[in-house]
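Novice: Sharing query-v8.pdb here; it has PDB, C-alpha atoms.
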ATOM      1  CA  MET N  97      18.757  62.071 262.066
ATOM      2  CA  ARG N  98      21.307  61.353 264.768
ATOM      3  CA  ILE N  99      22.242  63.943 267.418
ATOM      4  CA  LYS N 100      25.521  62.190 268.211
ATOM      5  CA  LEU N 101      26.752  62.177 264.638
ATOM      6  CA  LEU N 102      29.284  64.993 264.187
ATOM      7  CA  LEU N 103      30.878  65.519 267.591
ATOM      8  CA  CYS N 104      33.837  63.397 266.535
ATOM      9  CA  LEU N 105      33.901  64.616 262.939
ATOM     10  CA  VAL N 106      34.333  68.267 263.854
ATOM     11  CA  LEU N 107      37.961  67.744 264.856
ATOM     12  CA  LEU N 108      39.001  66.378 261.459
ATOM     13  CA  SER N 109      40.549  69.615 260.227
ATOM     14  CA  TYR N 110      41.286  73.164 261.272
ATOM     15  CA  VAL N 111      42.363  76.363 259.613
ATOM     16  CA  ALA N 112      44.276  79.074 261.400
ATOM     17  CA  LEU N 113      41.754  81.359 263.025
ATOM     18  CA  GLY N 114      43.861  84.459 263.592
ATOM     19  CA  GLN N 115      41.528  87.440 263.543
ATOM     20  CA  ALA N 116      38.967  85.799 261.225
ATOM     21  CA  LYS N 117      35.645  87.615 261.307
ATOM     22  CA  LYS N 118      34.138  86.739 257.951
ATOM     23  CA  PRO N 119      33.737  83.588 255.809
ATOM     24  CA  GLU N 120      36.427  84.727 253.356
ATOM     25  CA  ASP N 121      38.980  84.389 256.153
ATOM     26  CA  PHE N 122      38.162  80.685 256.159
ATOM     27  CA  GLY N 123      38.526  80.318 252.395
ATOM     28  CA  LEU N 124      34.792  80.482 251.750
ATOM     29  CA  GLN N 125      32.788  82.810 249.540
ATOM     30  CA  HIS N 126      29.625  84.099 251.214
ATOM     31  CA  ILE N 127      26.547  85.035 249.201
ATOM     32  CA  GLU N 128      23.554  86.591 250.920
ATOM     33  CA  TYR N 129      20.290  85.671 249.229
ATOM     34  CA  THR N 130      16.626  86.238 250.029
ATOM     35  CA  TYR N 131      13.957  83.561 249.652
ATOM     36  CA  ASN N 132      10.324  84.543 250.280
ATOM     37  CA  GLY N 133      11.551  87.319 252.533
ATOM     38  CA  ASP N 134      13.870  85.029 254.521
ATOM     39  CA  PRO N 135      17.643  85.678 254.641
ATOM     40  CA  VAL N 136      19.666  82.799 253.224
ATOM     41  CA  ASP N 137      23.386  82.244 253.753
ATOM     42  CA  ILE N 138      25.132  80.503 250.863
ATOM     43  CA  LEU N 139      28.743  79.367 251.199
ATOM     44  CA  ILE N 140      30.906  78.449 248.217
ATOM     45  CA  LYS N 141      34.142  76.456 248.463
ATOM     46  CA  SER N 142      36.290  76.736 245.332
ATOM     47  CA  LYS N 143      39.834  75.767 244.482
ATOM     48  CA  LYS N 144      42.059  78.641 245.524
ATOM     49  CA  GLY N 145      42.671  80.945 242.590
ATOM     50  CA  GLU N 146      39.813  79.436 240.563
ATOM     51  CA  GLU N 147      36.885  81.140 242.261
ATOM     52  CA  ASN N 148      35.886  82.826 238.988
ATOM     53  CA  ILE N 149      36.601  79.861 236.703
ATOM     54  CA  LYS N 150      33.398  78.489 235.204
ATOM     55  CA  LYS N 151      32.628  75.121 236.783
ATOM     56  CA  PRO N 152      29.506  73.113 237.651
ATOM     57  CA  LEU N 153      28.078  73.070 241.159
ATOM     58  CA  PHE N 154      28.336  70.313 243.737
ATOM     59  CA  PHE N 155      25.424  71.196 246.037
ATOM     60  CA  LEU N 156      25.550  69.556 249.476
ATOM     61  CA  CYS N 157      22.335  69.559 251.508
ATOM     62  CA  GLN N 158      23.017  70.206 255.189
ATOM     63  CA  GLY N 159      22.049  67.478 257.636
ATOM     64  CA  SER N 160      19.811  67.785 260.670
ATOM     65  CA  LEU N 161      20.075  70.127 263.656
ATOM     66  CA  PRO N 162      20.264  73.933 263.805
ATOM     67  CA  GLN N 163      24.039  74.153 263.468
ATOM     68  CA  PRO N 164      25.841  77.213 262.071
ATOM     69  CA  LEU N 165      27.807  76.577 258.891
ATOM     70  CA  ILE N 166      30.941  78.081 260.441
ATOM     71  CA  ARG N 167      31.889  77.063 263.971
ATOM     72  CA  TYR N 168      35.204  78.043 265.465
ATOM     73  CA  ASP N 169      37.225  78.446 268.647
ATOM     74  CA  GLU N 170      40.641  79.826 269.543
ATOM     75  CA  ARG N 171      42.350  76.997 267.617
ATOM     76  CA  GLY N 172      40.547  77.563 264.339
ATOM     77  CA  GLN N 173      37.521  76.495 262.300
ATOM     78  CA  TYR N 174      35.595  73.272 262.633
ATOM     79  CA  PRO N 175      34.916  71.903 259.127
ATOM     80  CA  THR N 176      31.922  73.309 257.252
ATOM     81  CA  PHE N 177      31.889  70.227 255.017
ATOM     82  CA  HIS N 178      32.315  66.941 256.885
ATOM     83  CA  PHE N 179      34.894  65.733 254.368
ATOM     84  CA  ASN N 180      37.976  67.101 252.650
ATOM     85  CA  THR N 181      36.885  69.230 249.696
ATOM     86  CA  ASP N 182      40.211  69.612 247.867
ATOM     87  CA  SER N 183      39.677  66.897 245.264
ATOM     88  CA  LEU N 184      36.052  67.766 244.474
ATOM     89  CA  ALA N 185      37.011  71.448 244.172
ATOM     90  CA  GLN N 186      39.237  70.568 241.225
ATOM     91  CA  LYS N 187      36.120  70.123 239.080
ATOM     92  CA  TYR N 188      33.305  71.779 241.027
ATOM     93  CA  HIS N 189      32.325  74.787 243.067
ATOM     94  CA  LEU N 190      31.001  73.276 246.289
ATOM     95  CA  VAL N 191      27.830  74.845 247.730
ATOM     96  CA  ILE N 192      26.197  74.534 251.128
ATOM     97  CA  VAL N 193      23.257  76.577 252.444
ATOM     98  CA  GLY N 194      22.613  77.460 256.094
ATOM     99  CA  LYS N 195      19.600  76.614 258.212
ATOM    100  CA  PRO N 196      16.891  79.309 258.356
ATOM    101  CA  TYR N 197      17.491  82.014 260.939
ATOM    102  CA  ILE N 198      20.552  80.268 262.361
ATOM    103  CA  PRO N 199      23.592  82.592 262.453
ATOM    104  CA  LEU N 200      26.235  81.863 259.841
ATOM    105  CA  MET N 201      29.209  82.060 262.231
ATOM    106  CA  VAL N 202      29.226  81.181 265.933
ATOM    107  CA  GLU N 203      32.005  80.461 268.416
ATOM    108  CA  ILE N 204      31.881  76.952 269.858
ATOM    109  CA  LYS N 205      31.558  78.305 273.397
ATOM    110  CA  ASP N 206      28.250  79.934 272.439
ATOM    111  CA  LEU N 207      26.685  76.686 271.205
ATOM    112  CA  ASP N 208      24.890  73.990 273.168
ATOM    113  CA  LYS N 209      27.700  71.895 274.634
ATOM    114  CA  LYS N 210      26.129  68.511 273.895
ATOM    115  CA  SER N 211      24.779  68.923 270.363
ATOM    116  CA  GLN N 212      26.707  72.019 269.214
ATOM    117  CA  THR N 213      23.415  73.504 268.078
ATOM    118  CA  TYR N 214      22.514  77.173 268.217
ATOM    119  CA  ILE N 215      20.207  78.465 270.931
ATOM    120  CA  ASP N 216      19.118  82.062 271.412
ATOM    121  CA  SER N 217      19.112  84.253 274.517
ATOM    122  CA  THR N 218      16.022  82.439 275.825
ATOM    123  CA  GLY N 219      17.839  79.105 275.765
ATOM    124  CA  LYS N 220      15.759  77.758 272.887
ATOM    125  CA  VAL N 221      16.105  77.258 269.167
ATOM    126  CA  PRO N 222      14.739  80.346 267.349
ATOM    127  CA  VAL N 223      11.068  79.979 266.512
ATOM    128  CA  GLU N 224      11.815  81.317 263.011
ATOM    129  CA  TYR N 225      13.935  78.211 262.461
ATOM    130  CA  THR N 226      11.345  75.850 263.899
ATOM    131  CA  ASP N 227       8.633  77.329 261.693
ATOM    132  CA  ARG N 228      10.684  76.500 258.562
ATOM    133  CA  ASN N 229      12.417  73.269 259.521
ATOM    134  CA  TYR N 230      10.613  70.803 257.278
ATOM    135  CA  LEU N 231      11.195  69.059 253.956
ATOM    136  CA  SER N 232       9.079  71.141 251.601
ATOM    137  CA  TYR N 233      10.635  74.416 252.791
ATOM    138  CA  TYR N 234      14.189  73.172 252.251
ATOM    139  CA  THR N 235      13.321  71.676 248.881
ATOM    140  CA  HIS N 236      11.754  74.843 247.465
ATOM    141  CA  ARG N 237      14.373  77.142 248.994
ATOM    142  CA  ASN N 238      17.320  75.092 247.708
ATOM    143  CA  ILE N 239      15.910  74.899 244.192
ATOM    144  CA  ALA N 240      15.482  78.684 244.215
ATOM    145  CA  VAL N 241      19.134  79.021 245.301
ATOM    146  CA  ILE N 242      20.263  76.750 242.466
ATOM    147  CA  LYS N 243      18.362  78.778 239.889
ATOM    148  CA  TYR N 244      19.962  81.943 241.229
ATOM    149  CA  LEU N 245      23.484  80.520 241.238
ATOM    150  CA  GLN N 246      23.248  79.090 237.740
ATOM    151  CA  ASN N 247      22.760  82.607 236.398
ATOM    152  CA  LEU N 248      26.179  83.649 237.706
ATOM    153  CA  ALA N 249      29.065  83.908 235.241
ATOM    154  CA  TRP N 250      31.326  81.420 237.052
ATOM    155  CA  VAL N 251      28.723  78.635 237.249
ATOM    156  CA  SER N 252      28.336  76.048 234.482
ATOM    157  CA  SER N 253      24.881  74.551 234.069
ATOM    158  CA  GLU N 254      26.073  71.581 232.003
ATOM    159  CA  ARG N 255      26.215  69.427 235.140
ATOM    160  CA  LEU N 256      24.649  69.825 238.574
ATOM    161  CA  VAL N 257      25.432  67.336 241.319
ATOM    162  CA  VAL N 258      23.222  67.359 244.413
ATOM    163  CA  ALA N 259      24.320  65.316 247.414
ATOM    164  CA  GLY N 260      22.966  64.849 250.895
ATOM    165  CA  HIS N 261      23.836  62.777 253.937
ATOM    166  CA  SER N 262      21.395  61.753 256.667
ATOM    167  CA  GLU N 263      18.523  64.280 256.703
ATOM    168  CA  GLY N 264      20.205  65.991 253.773
ATOM    169  CA  SER N 265      19.686  62.873 251.649
ATOM    170  CA  THR N 266      15.914  63.213 252.008
ATOM    171  CA  VAL N 267      16.095  66.831 250.878
ATOM    172  CA  ALA N 268      18.409  65.948 247.990
ATOM    173  CA  ALA N 269      16.108  63.183 246.735
ATOM    174  CA  LYS N 270      13.063  65.458 246.706
ATOM    175  CA  MET N 271      15.062  68.208 244.988
ATOM    176  CA  ALA N 272      16.154  65.773 242.286
ATOM    177  CA  LEU N 273      12.523  64.837 241.628
ATOM    178  CA  ASP N 274      11.313  68.446 241.511
ATOM    179  CA  CYS N 275      14.207  70.150 239.695
ATOM    180  CA  ASP N 276      15.132  69.148 236.147
ATOM    181  CA  LYS N 277      18.371  71.123 236.357
ATOM    182  CA  ILE N 278      19.859  68.398 238.577
ATOM    183  CA  THR N 279      21.877  65.889 236.569
ATOM    184  CA  HIS N 280      23.322  63.618 239.317
ATOM    185  CA  LEU N 281      22.138  62.628 242.798
ATOM    186  CA  ILE N 282      24.215  61.242 245.675
ATOM    187  CA  TYR N 283      21.932  59.790 248.345
ATOM    188  CA  SER N 284      24.035  59.034 251.430
ATOM    189  CA  GLY N 285      23.097  57.662 254.835
ATOM    190  CA  GLY N 286      19.390  58.149 254.291
ATOM    191  CA  ASN N 287      16.403  55.966 255.040
ATOM    192  CA  PRO N 288      14.347  55.396 251.872
ATOM    193  CA  LEU N 289      11.398  54.416 254.079
ATOM    194  CA  GLY N 290      11.421  57.688 256.029
ATOM    195  CA  ARG N 291      12.639  59.095 259.340
ATOM    196  CA  ILE N 292      10.060  57.386 261.524
ATOM    197  CA  MET N 293      11.275  53.989 260.340
ATOM    198  CA  SER N 294      14.827  54.816 261.481
ATOM    199  CA  ILE N 295      13.449  55.726 264.902
ATOM    200  CA  ILE N 296      11.370  52.559 265.169
ATOM    201  CA  THR N 297      14.199  50.304 263.968
ATOM    202  CA  GLU N 298      16.649  51.712 266.501
ATOM    203  CA  TYR N 299      14.125  51.435 269.320
ATOM    204  CA  ARG N 300      13.302  47.824 268.428
ATOM    205  CA  PHE N 301      16.979  47.003 268.949
ATOM    206  CA  SER N 302      17.053  48.295 272.521
ATOM    207  CA  GLU N 303      13.472  47.879 273.782
ATOM    208  CA  THR N 304      12.375  45.593 276.594
ATOM    209  CA  VAL N 305       9.015  44.437 277.901
ATOM    210  CA  GLU N 306       9.349  47.071 280.612
ATOM    211  CA  GLN N 307      10.362  49.783 278.114
ATOM    212  CA  PRO N 308       8.585  49.150 274.788
ATOM    213  CA  ASN N 309      10.248  52.098 273.074
ATOM    214  CA  ALA N 310       9.235  51.164 269.539
ATOM    215  CA  GLU N 311       5.599  50.838 270.569
ATOM    216  CA  ASN N 312       5.853  54.290 272.127
ATOM    217  CA  ALA N 313       7.352  55.583 268.866
ATOM    218  CA  LEU N 314       4.405  54.175 266.922
ATOM    219  CA  ALA N 315       2.007  55.896 269.311
ATOM    220  CA  TYR N 316       3.970  59.113 268.761
ATOM    221  CA  TRP N 317       3.657  58.599 264.996
ATOM    222  CA  GLN N 318      -0.114  58.345 265.317
ATOM    223  CA  ASN N 319      -0.099  61.707 267.105
ATOM    224  CA  VAL N 320       2.065  63.174 264.335
ATOM    225  CA  VAL N 321      -0.270  61.981 261.596
ATOM    226  CA  ASP N 322      -3.294  63.286 263.468
ATOM    227  CA  ASP N 323      -1.728  66.756 263.750
ATOM    228  CA  LYS N 324       0.792  66.822 260.913
ATOM    229  CA  THR N 325       0.940  70.606 260.412
ATOM    230  CA  ASN N 326       1.707  71.357 264.061
ATOM    231  CA  LEU N 327       4.839  73.525 264.414
ATOM    232  CA  SER N 328       5.253  73.283 268.180
ATOM    233  CA  ASP N 329       8.704  71.992 269.162
ATOM    234  CA  GLU N 330       7.835  70.917 272.696
ATOM    235  CA  HIS N 331       8.628  67.283 271.740
ATOM    236  CA  GLY N 332      11.862  68.128 269.894
ATOM    237  CA  ASP N 333      11.211  68.142 266.163
ATOM    238  CA  THR N 334       7.830  69.546 265.234
ATOM    239  CA  TYR N 335       5.119  67.180 264.076
ATOM    240  CA  ARG N 336       5.331  68.789 260.645
ATOM    241  CA  ALA N 337       9.076  68.120 260.425
ATOM    242  CA  THR N 338       8.659  64.499 261.492
ATOM    243  CA  TYR N 339       5.739  63.966 259.117
ATOM    244  CA  GLU N 340       7.438  65.430 256.057
ATOM    245  CA  PHE N 341      10.820  63.806 256.690
ATOM    246  CA  SER N 342       9.043  60.486 257.212
ATOM    247  CA  GLU N 343       7.623  60.553 253.693
ATOM    248  CA  PRO N 344       9.361  57.564 252.063
ATOM    249  CA  SER N 345      12.119  58.808 249.752
ATOM    250  CA  ILE N 346      11.827  55.543 247.846
ATOM    251  CA  ASN N 347       8.738  57.055 246.220
ATOM    252  CA  HIS N 348      10.877  59.893 244.865
ATOM    253  CA  LEU N 349      13.990  57.887 244.054
ATOM    254  CA  GLN N 350      12.219  55.287 241.921
ATOM    255  CA  GLN N 351      10.889  58.008 239.606
ATOM    256  CA  LEU N 352      14.326  59.406 238.763
ATOM    257  CA  LYS N 353      15.931  58.920 235.359
ATOM    258  CA  ILE N 354      19.226  60.642 236.207
ATOM    259  CA  PRO N 355      22.260  58.751 237.596
ATOM    260  CA  VAL N 356      21.805  58.035 241.322
ATOM    261  CA  LEU N 357      24.459  56.824 243.770
ATOM    262  CA  VAL N 358      23.363  55.366 247.118
ATOM    263  CA  THR N 359      25.987  55.027 249.869
ATOM    264  CA  TYR N 360      25.291  53.709 253.346
ATOM    265  CA  GLY N 361      26.835  51.944 256.326
ATOM    266  CA  THR N 362      25.621  48.380 256.678
ATOM    267  CA  LYS N 363      25.355  48.732 260.468
ATOM    268  CA  ASP N 364      23.274  51.898 260.252
ATOM    269  CA  TRP N 365      19.681  51.633 261.474
ATOM    270  CA  SER N 366      18.549  52.430 257.939
ATOM    271  CA  ALA N 367      20.696  49.741 256.268
ATOM    272  CA  SER N 368      17.834  47.292 255.706
ATOM    273  CA  ALA N 369      15.772  50.054 254.066
ATOM    274  CA  ASN N 370      18.634  50.786 251.660
ATOM    275  CA  ASP N 371      18.962  47.073 250.974
ATOM    276  CA  TYR N 372      15.220  47.004 250.251
ATOM    277  CA  LEU N 373      15.613  49.919 247.830
ATOM    278  CA  ARG N 374      18.412  48.006 246.142
ATOM    279  CA  VAL N 375      16.250  44.874 245.843
ATOM    280  CA  GLU N 376      13.450  46.916 244.259
ATOM    281  CA  ILE N 377      15.784  48.661 241.810
ATOM    282  CA  ILE N 378      17.130  45.267 240.694
ATOM    283  CA  ARG N 379      13.597  43.869 240.396
ATOM    284  CA  GLN N 380      12.516  46.836 238.288
ATOM    285  CA  GLY N 381      15.561  46.513 236.031
ATOM    286  CA  LYS N 382      16.651  50.135 236.540
ATOM    287  CA  LYS N 383      20.184  50.832 235.305
ATOM    288  CA  ASN N 384      20.629  54.426 236.510
ATOM    289  CA  PHE N 385      21.312  53.404 240.143
ATOM    290  CA  SER N 386      24.599  52.455 241.785
ATOM    291  CA  PHE N 387      24.985  51.232 245.373
ATOM    292  CA  ILE N 388      28.062  51.330 247.605
ATOM    293  CA  PRO N 389      27.504  49.727 251.014
ATOM    294  CA  VAL N 390      30.313  50.455 253.479
ATOM    295  CA  ILE N 391      30.501  47.118 255.251
ATOM    296  CA  GLY N 392      30.497  47.058 259.038
ATOM    297  CA  THR N 393      30.045  50.804 259.555
ATOM    298  CA  GLU N 394      27.389  52.960 261.179
ATOM    299  CA  HIS N 395      25.589  56.125 260.139
ATOM    300  CA  ASN N 396      28.732  58.221 259.676
ATOM    301  CA  PHE N 397      30.859  55.346 258.389
ATOM    302  CA  PHE N 398      32.697  54.596 261.627
ATOM    303  CA  PRO N 399      33.261  50.835 262.059
ATOM    304  CA  VAL N 400      31.355  49.184 264.907
ATOM    305  CA  ASP N 401      32.169  46.193 267.087
ATOM    306  CA  GLN N 402      29.946  43.228 267.943
ATOM    307  CA  ASN N 403      28.118  45.399 270.496
ATOM    308  CA  ASN N 404      27.427  48.072 267.886
ATOM    309  CA  ILE N 405      29.915  50.479 269.533
ATOM    310  CA  PRO N 406      31.580  52.798 266.981
ATOM    311  CA  ASN N 407      35.350  53.145 266.732
ATOM    312  CA  TYR N 408      35.736  56.883 266.224
ATOM    313  CA  GLN N 409      39.466  56.533 265.574
ATOM    314  CA  VAL N 410      38.831  54.943 262.166
ATOM    315  CA  LYS N 411      37.412  57.479 259.731
ATOM    316  CA  ASN N 412      35.988  56.373 256.390
ATOM    317  CA  TRP N 413      34.604  59.639 254.993
ATOM    318  CA  GLY N 414      37.685  60.057 252.786
ATOM    319  CA  LYS N 415      37.076  56.659 251.174
ATOM    320  CA  VAL N 416      33.367  57.387 250.728
ATOM    321  CA  VAL N 417      34.053  60.698 248.956
ATOM    322  CA  ARG N 418      36.660  59.039 246.730
ATOM    323  CA  ASP N 419      33.964  56.539 245.750
ATOM    324  CA  TRP N 420      31.683  59.475 244.936
ATOM    325  CA  GLU N 421      34.361  60.947 242.675
ATOM    326  CA  ILE N 422      34.983  57.646 240.877
ATOM    327  CA  TRP N 423      31.250  57.303 240.278
ATOM    328  CA  LEU N 424      30.938  60.873 239.024
ATOM    329  CA  ALA N 425      33.849  60.343 236.629
ATOM    330  CA  ALA N 426      32.137  57.247 235.243
ATOM    331  CA  ASN N 427      28.742  58.898 234.881
TER     332      ASN N 427
END
Written as structure tokens, that's how I'd like the structure from this file.
Specialist:
Amino acid sequence: MRIKLLLCLVLLSYVALGQAKKPEDFGLQHIEYTYNGDPVDILIKSKKGEENIKKPLFFLCQGSLPQPLIRYDERGQYPTFHFNTDSLAQKYHLVIVGKPYIPLMVEIKDLDKKSQTYIDSTGKVPVEYTDRNYLSYYTHRNIAVIKYLQNLAWVSSERLVVAGHSEGSTVAAKMALDCDKITHLIYSGGNPLGRIMSIITEYRFSETVEQPNAENALAYWQNVVDDKTNLSDEHGDTYRATYEFSEPSINHLQQLKIPVLVTYGTKDWSASANDYLRVEIIRQGKKNFSFIPVIGTEHNFFPVDQNNIPNYQVKNWGKVVRDWEIWLAAN
């Protein structure tokens, strides 16, 4: 949802690069899969020495932007997961799946300098990616991947945790509704009212009479709805992507019977929508939901000052993931 999100997170950890040319050199198992004729890159992070030990999956849905799963430079690898995986790998095999038609491994120097996204030789995002970058594609593809993985000898099907942050939370919520193999959902940094509401809320904060940005966003939304299957990316995200990711996840979340954990920063643009979800869950008397607001933090859990400026020196992802683990142990 936010282009600025991971530029500070990518420096959290490195591994020695050496002559690494394949995912295994970074401690990751790579599985090549095919979905409806499309190549799919699956990466597995396991505890070292326990790659073949039967464990359940912790499936993390990738966030927005066409970023390769493995990015590296002469110093080493930028983290594939935006948090330390050591503790979760004690009990789970961690899974993450690449974006369609985005290379698995790319040197940082070959990415767009501002967003660290992949662009091809024409200077654009591959059209094969754009044509598949929407909610229903990711949902169906990821469920197919899960079904494939759960047939492997080292995967236990007794428990299946699906987590997603930002755009990934929207995908995770829809997967949990559509796939009865999923036993636990972690919905992090999402907007239960949909992507367009995050855009409008942020624009309301900064708009002026001279620059009515939120009103312009609402006019844009009308265009999206009028042409919701359009796959042109001349405006950034395609209309189809915006339309599908703006479907309110609250409609999916409220139908779930499995344990659901919602984590969010209270200074995120989507905070009020998560508070609204919480109010509705309380009103409906649902007991399968837990909420952990990270007070005073923004979309990626960095604390913000009175002017809403993040302090990127204070990182809270470690605390958030520990809260996930405590919740999983209790559920």
Novice: On this structure, which residues satisfy the PyMOL selection byres ((chain N and resi 161) around 8), written as a PyMOL selection string?
Specialist: chain N and resi 99+159-160+162-163+213
Novice: Suppose a student applies the PyMOL selection byres ((chain N and resi 226) around 9) to this structure; what residues should they get, written as JSON, numbers by chain?
Specialist: {"N": [196, 221, 222, 223, 224, 225, 227, 228, 229, 230, 327, 328, 329, 333, 334, 337]}
Novice: Residue by residue, what does the PyMOL selection byres ((chain N and resi 165) around 7) grab here? Present the result as a list of chain:residue names.
Specialist: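 On this input, the PyMOL selection byres ((chain N and resi 165) around 7) captures N:Gln163, N:Pro164, N:Ile166, N:Arg167, N:Thr176, N:Gly194, N:Leu200, N:Met201.
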Novice: Can you pull out the residues contacting segment 235-243 of chain N? Cut-off 8 Å, using all atoms listed in the file, and skip same-chain residues under 5 positions away; I want them as a list of chain:residue names.
Specialist: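 Result of the neighbour search: N:Tyr129, N:Tyr131, N:Val193, N:Val267, N:Ala268, N:Lys270, N:Met271, N:Cys275.
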Novice: Nearest to Ala269 of chain N among N:Phe397, N:Tyr234, N:Tyr316, N:Phe387, with distances taken over all atoms listed in the file: which residue is it?
Specialist: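 The answer is N:Tyr234, which sits nearest to Ala269 of chain N.
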Novice: By how many Å are atom CA of Leu373 of chain N and atom CA of Ile282 of chain N apart?
Specialist: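 Going from atom CA of Leu373 of chain N over to atom CA of Ile282 of chain N covers 14.4 Å.
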Novice: When distances are computed from only C-alpha atoms, which of N:Arg300, N:Lys205, N:His395, N:His189 shows the smallest separation from Val257 of chain N?
Specialist: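 Using only C-alpha atoms, the shortest distance to Val257 of chain N belongs to N:His189.
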Novice: Which neighbours of Ile391 of chain N fall inside 8 Å, counting all atoms listed in the file, when residues of the same chain fewer than 4 positions from it are skipped, and could you give them as a PDB file with C-alpha atoms, in the frame of the given file?
Specialist:
ATOM      1  CA  GLY N 361      26.835  51.944 256.326  1.00  0.00           C
ATOM      2  CA  THR N 362      25.621  48.380 256.678  1.00  0.00           C
ATOM      3  CA  LYS N 363      25.355  48.732 260.468  1.00  0.00           C
TER       4      LYS N 363
END
Novice: So which residues fall inside 10 Å of (22.8, 61.2, 249.8) if we count only C-alpha atoms? Mind giving them as a PyMOL selection string?
Specialist: chain N and resi 156-157+258-269+281-287+356-360
Novice: Using the selection just defined, write its residues with C-alpha atoms as a PDB file, in the frame of the given file.
Specialist:
ATOM      1  CA  LEU N 156      25.550  69.556 249.476  1.00  0.00           C
ATOM      2  CA  CYS N 157      22.335  69.559 251.508  1.00  0.00           C
ATOM      3  CA  VAL N 258      23.222  67.359 244.413  1.00  0.00           C
ATOM      4  CA  ALA N 259      24.320  65.316 247.414  1.00  0.00           C
ATOM      5  CA  GLY N 260      22.966  64.849 250.895  1.00  0.00           C
ATOM      6  CA  HIS N 261      23.836  62.777 253.937  1.00  0.00           C
ATOM      7  CA  SER N 262      21.395  61.753 256.667  1.00  0.00           C
ATOM      8  CA  GLU N 263      18.523  64.280 256.703  1.00  0.00           C
ATOM      9  CA  GLY N 264      20.205  65.991 253.773  1.00  0.00           C
ATOM     10  CA  SER N 265      19.686  62.873 251.649  1.00  0.00           C
ATOM     11  CA  THR N 266      15.914  63.213 252.008  1.00  0.00           C
ATOM     12  CA  VAL N 267      16.095  66.831 250.878  1.00  0.00           C
ATOM     13  CA  ALA N 268      18.409  65.948 247.990  1.00  0.00           C
ATOM     14  CA  ALA N 269      16.108  63.183 246.735  1.00  0.00           C
ATOM     15  CA  LEU N 281      22.138  62.628 242.798  1.00  0.00           C
ATOM     16  CA  ILE N 282      24.215  61.242 245.675  1.00  0.00           C
ATOM     17  CA  TYR N 283      21.932  59.790 248.345  1.00  0.00           C
ATOM     18  CA  SER N 284      24.035  59.034 251.430  1.00  0.00           C
ATOM     19  CA  GLY N 285      23.097  57.662 254.835  1.00  0.00           C
ATOM     20  CA  GLY N 286      19.390  58.149 254.291  1.00  0.00           C
ATOM     21  CA  ASN N 287      16.403  55.966 255.040  1.00  0.00           C
ATOM     22  CA  VAL N 356      21.805  58.035 241.322  1.00  0.00           C
ATOM     23  CA  LEU N 357      24.459  56.824 243.770  1.00  0.00           C
ATOM     24  CA  VAL N 358      23.363  55.366 247.118  1.00  0.00           C
ATOM     25  CA  THR N 359      25.987  55.027 249.869  1.00  0.00           C
ATOM     26  CA  TYR N 360      25.291  53.709 253.346  1.00  0.00           C
TER      27      TYR N 360
END
Novice: Under the rule that only C-alpha atoms are counted, which of N:Leu352, N:Asn326, N:Ile422, N:Pro288 is the nearest residue to Asn370 of chain N?
Specialist: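 Closest candidate: N:Pro288.
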